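Input: a single structure, listed below in structure tokens.
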Amino acid sequence: MTSALSTYFDRQMHVLGSAVPDGDVPDLARLSGAREDHLGVALCMTDGEIMTAGTDHCFPIQSISKAFAYGAAIDLHGLEYVNSIVDEEPTGEQFNALSLDVWTKKPKNPLVNIGAIRTHAMLGPTQGERTERLRSVLEAAAGHTLALHEATRREEARTADRNLALAYMLRAAGSMTEEAHEVVEGYIEGCAVLASVTDLAVMAATLASGGTNPLTGEEVFSRVAARKTLSVMLTCGMYDNAGDWVSDVGLPAKSGVAGGIIAALPSRFGIATYAPQLDLHGNSVRGTLLFERFSEDFALHMLDGV
Ligand code: GLN
């Protein structure tokens, strides 16, 4: 099975590598060395076995950090509290939409920017504690220390008007009391953490294993937090393409604007792809294609049993 999968991934790298994707590499991603020809995949089984193909270039995890921040918030405050602050409904809107439910004053879900900013604010009483907690959860899920891409962090901090607007919306609605600048800075720092597809596959496998890192054996999340995180990944992880994703791929997933996508098959494996050209939803073009093929070729859609 393992060598058959490696051969399969090698072939997909070849096939997708020669296709010219219909999408652009954002300037921000170029800051961390993203190139058109970058394409990589890694899969980590829940017993710790890893298969990789293509590039192992390290890139900013961007919005993939949102899923891990959410799991950390649940373990810190409990499900009931977190649910009372951030909802779990798909938005059908872009990742950075200026949206806040008018009645409940809750962000729709923790995987769009406004929900992730509010979730980040829950990670501790000070900016330092929040960023440290998020970093340590990301590193525990990956199984080793992860570097920060300083130029990405700086550039996002310099162009943070929209994220600041979201943070001020939360404050204006009475939904957040923390200082907007500090929360956004911490949130941006989480986005600028660097990882390879192998790191991300292990992080996804940590979720697939109910919160326990399959390589280190460390319990990074409670089973409840892992399950809840995977639930919102399933319904909201691919932004306004979440519906297509569920019907075409059928696995809980999360994408990042630097071109990464993670997905998990509970109790089986975590998988990550990297290809920096993005579609109009902000999701990786070739990553999405690879997931569609992989899910179909191995009948991995959660409804394939019907
Ligand atoms: N840092 C990006 C932002 O805040 C993250 C967005 C993403 O990966 N979709 O806009």
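Order determines the names: the first chain of the structure tokens is A, the second B, and so forth; residues in each chain are numbered 1 upward, and ligands are numbered 1 upward as they are shown.
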Any residue with an atom at most 7 Å from ligand 1 counts, using only C-alpha atoms and all ligand atoms. Which are they? Put them as an mmCIF file with N, CA and C atoms, in the first residue's frame.
```
data_model
loop_
_atom_site.group_PDB
_atom_site.id
_atom_site.type_symbol
_atom_site.label_atom_id
_atom_site.label_comp_id
_atom_site.auth_asym_id
_atom_site.auth_seq_id
_atom_site.Cartn_x
_atom_site.Cartn_y
_atom_site.Cartn_z
ATOM 1 N N GLN A 62 -0.396 30.353 6.778
ATOM 2 C CA GLN A 62 -1.531 31.274 6.610
ATOM 3 C C GLN A 62 -2.781 30.758 7.331
ATOM 4 N N SER A 63 -3.902 30.663 6.610
ATOM 5 C CA SER A 63 -5.171 30.352 7.288
ATOM 6 C C SER A 63 -5.247 28.954 7.876
ATOM 7 N N ILE A 64 -4.295 28.100 7.532
ATOM 8 C CA ILE A 64 -4.310 26.754 8.131
ATOM 9 C C ILE A 64 -4.132 26.899 9.651
ATOM 10 N N PHE A 95 -12.947 34.876 2.319
ATOM 11 C CA PHE A 95 -12.307 34.645 3.612
ATOM 12 C C PHE A 95 -12.171 35.891 4.471
ATOM 13 N N ASN A 96 -12.091 37.071 3.803
ATOM 14 C CA ASN A 96 -11.881 38.292 4.591
ATOM 15 C C ASN A 96 -13.099 39.205 4.579
ATOM 16 N N ASN A 113 -11.528 35.114 8.374
ATOM 17 C CA ASN A 113 -10.664 36.010 9.142
ATOM 18 C C ASN A 113 -11.318 36.564 10.404
ATOM 19 N N GLU A 156 2.322 41.665 6.029
ATOM 20 C CA GLU A 156 0.897 41.572 6.406
ATOM 21 C C GLU A 156 0.543 42.591 7.482
ATOM 22 N N ASN A 163 -7.965 43.453 8.092
ATOM 23 C CA ASN A 163 -8.037 42.659 9.318
ATOM 24 C C ASN A 163 -8.272 43.546 10.533
ATOM 25 N N ILE A 188 -1.723 37.599 12.745
ATOM 26 C CA ILE A 188 -0.838 37.639 11.569
ATOM 27 C C ILE A 188 0.430 36.812 11.813
ATOM 28 N N CYS A 191 -0.210 33.307 11.053
ATOM 29 C CA CYS A 191 -0.299 33.065 9.602
ATOM 30 C C CYS A 191 1.088 32.945 8.971
ATOM 31 N N SER A 255 -7.554 25.400 3.834
ATOM 32 C CA SER A 255 -6.579 25.952 2.893
ATOM 33 C C SER A 255 -5.938 27.208 3.463
ATOM 34 N N GLY A 256 -4.813 27.595 2.867
ATOM 35 C CA GLY A 256 -4.132 28.837 3.236
ATOM 36 C C GLY A 256 -3.777 29.594 1.978
ATOM 37 N N VAL A 257 -3.684 30.912 2.085
ATOM 38 C CA VAL A 257 -3.499 31.764 0.914
ATOM 39 C C VAL A 257 -2.079 31.668 0.324
ATOM 40 N N ALA A 258 -1.175 30.989 1.018
ATOM 41 C CA ALA A 258 0.164 30.767 0.446
ATOM 42 C C ALA A 258 0.200 29.512 -0.422
ATOM 43 N N GLY A 282 -9.389 31.767 -3.392
ATOM 44 C CA GLY A 282 -8.197 31.857 -2.524
ATOM 45 C C GLY A 282 -7.662 30.479 -2.160
#
```
- Message: Give me, as a ChimeraX atom specification, all polymer residues having an atom no more than 9 Å from stretch 36-52 of chain A, counting only C-alpha atoms and skipping those fewer than 6 positions away in the same chain.
- Response: /A:2-3,5-6,9-10,13,16-18,21,24-25,196-206,208-209,213-216,266-277,286-287,290
Would you mind exporting the chosen residues as an mmCIF file, in the first residue's frame, restricted to C-alpha atoms?
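What landed in selection-v3.cif:
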```cif
data_model
loop_
_atom_site.group_PDB
_atom_site.id
_atom_site.type_symbol
_atom_site.label_atom_id
_atom_site.label_comp_id
_atom_site.auth_asym_id
_atom_site.auth_seq_id
_atom_site.Cartn_x
_atom_site.Cartn_y
_atom_site.Cartn_z
ATOM 1 C CA THR A 2 2.745 2.425 1.033
ATOM 2 C CA SER A 3 4.877 2.004 -2.056
ATOM 3 C CA LEU A 5 0.784 5.323 -2.736
ATOM 4 C CA SER A 6 4.276 6.759 -3.230
ATOM 5 C CA PHE A 9 1.865 10.573 -5.705
ATOM 6 C CA ASP A 10 4.972 10.643 -7.904
ATOM 7 C CA MET A 13 3.323 15.281 -9.371
ATOM 8 C CA LEU A 16 -0.133 18.008 -12.473
ATOM 9 C CA GLY A 17 3.363 19.449 -12.779
ATOM 10 C CA SER A 18 3.101 19.545 -16.550
ATOM 11 C CA PRO A 21 -2.730 25.966 -13.923
ATOM 12 C CA ASP A 24 -1.841 33.372 -10.018
ATOM 13 C CA VAL A 25 0.828 33.206 -7.357
ATOM 14 C CA SER A 196 6.549 22.071 4.732
ATOM 15 C CA VAL A 197 3.939 19.660 3.395
ATOM 16 C CA THR A 198 5.488 17.001 5.620
ATOM 17 C CA ASP A 199 5.014 19.183 8.724
ATOM 18 C CA LEU A 200 1.456 19.951 7.684
ATOM 19 C CA ALA A 201 0.645 16.289 7.003
ATOM 20 C CA VAL A 202 1.760 15.465 10.558
ATOM 21 C CA MET A 203 -0.338 18.359 11.874
ATOM 22 C CA ALA A 204 -3.361 17.062 9.955
ATOM 23 C CA ALA A 205 -2.642 13.522 11.201
ATOM 24 C CA THR A 206 -2.664 14.917 14.743
ATOM 25 C CA ALA A 208 -7.071 12.687 12.412
ATOM 26 C CA SER A 209 -5.768 10.825 15.487
ATOM 27 C CA ASN A 213 0.617 13.628 17.428
ATOM 28 C CA PRO A 214 1.361 10.252 15.788
ATOM 29 C CA LEU A 215 5.131 10.855 15.812
ATOM 30 C CA THR A 216 5.676 12.179 19.339
ATOM 31 C CA PRO A 266 -10.295 10.364 10.842
ATOM 32 C CA SER A 267 -8.311 7.462 12.341
ATOM 33 C CA ARG A 268 -6.484 6.951 9.013
ATOM 34 C CA PHE A 269 -4.254 9.811 7.890
ATOM 35 C CA GLY A 270 -3.520 13.501 7.512
ATOM 36 C CA ILE A 271 -2.488 14.860 4.119
ATOM 37 C CA ALA A 272 -1.139 18.182 2.866
ATOM 38 C CA THR A 273 -0.515 19.693 -0.559
ATOM 39 C CA TYR A 274 1.370 22.780 -1.648
ATOM 40 C CA ALA A 275 1.003 24.577 -4.989
ATOM 41 C CA PRO A 276 0.883 28.360 -4.803
ATOM 42 C CA GLN A 277 -1.362 29.337 -7.734
ATOM 43 C CA ARG A 286 -3.432 22.245 -8.266
ATOM 44 C CA GLY A 287 -3.906 21.293 -4.614
ATOM 45 C CA LEU A 290 -4.891 16.673 -6.562
#
```
- With distances taken over only C-alpha atoms, the candidate from A:Gly115, A:Gly305, A:Gly54, A:Pro125 nearest A:His14 is A:Gly54
- Message: Which residues are close to stretch 30-33 of chain A, i.e. within 7 Å by only C-alpha atoms, leaving aside same-chain residues fewer than 6 positions away? Reply as a PyMOL selection string.
- Response: chain A and resi 59+151-152
- Counting only C-alpha atoms, the residue of A:Ala29, A:Leu111, A:Ile117, A:Leu194 that sits nearest A:His144: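 Result for the nearest residue to A:His144: A:Leu194.
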- Please give the complete set of residues from stretch 15-156 of chain A that DSSP, run on the backbone, assigns to helix (DSSP H, G or I), formatted as a PyMOL selection string. chain A and resi 15-18+27-30+64-77+79-85+113-121+127-142+150-156
- Task: Step one, run DSSP on the backbone; step two, keep only residues of stretch 216-298 of chain A assigned to strand (DSSP E); then write them as a list in words.
- Result: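 Answer for stretch 216-298 of chain A restricted to strand (DSSP E) is Ala253, Lys254, Ser255, Gly260, Ile261, Ile262, Ala263, Ala264, Leu265, Phe269, Gly270, Ile271, Ala272, Thr273 and Tyr274 of chain A.
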- Message: I'd like the neighbourhood of A:Leu166 as a list in words, where a residue qualifies if any of its atoms comes within 9 Å (using only C-alpha atoms), though same-chain residues fewer than 2 positions away should be ignored.
- Response: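 In the requested form, the answer reads Asn96, Ala97, Leu98, Ser99, Leu100, Asn113, Ile114, Ile117, Asp161, Arg162, Asn163, Leu164, Tyr168, Met169, Leu170, Arg171 and Ala180 of chain A.
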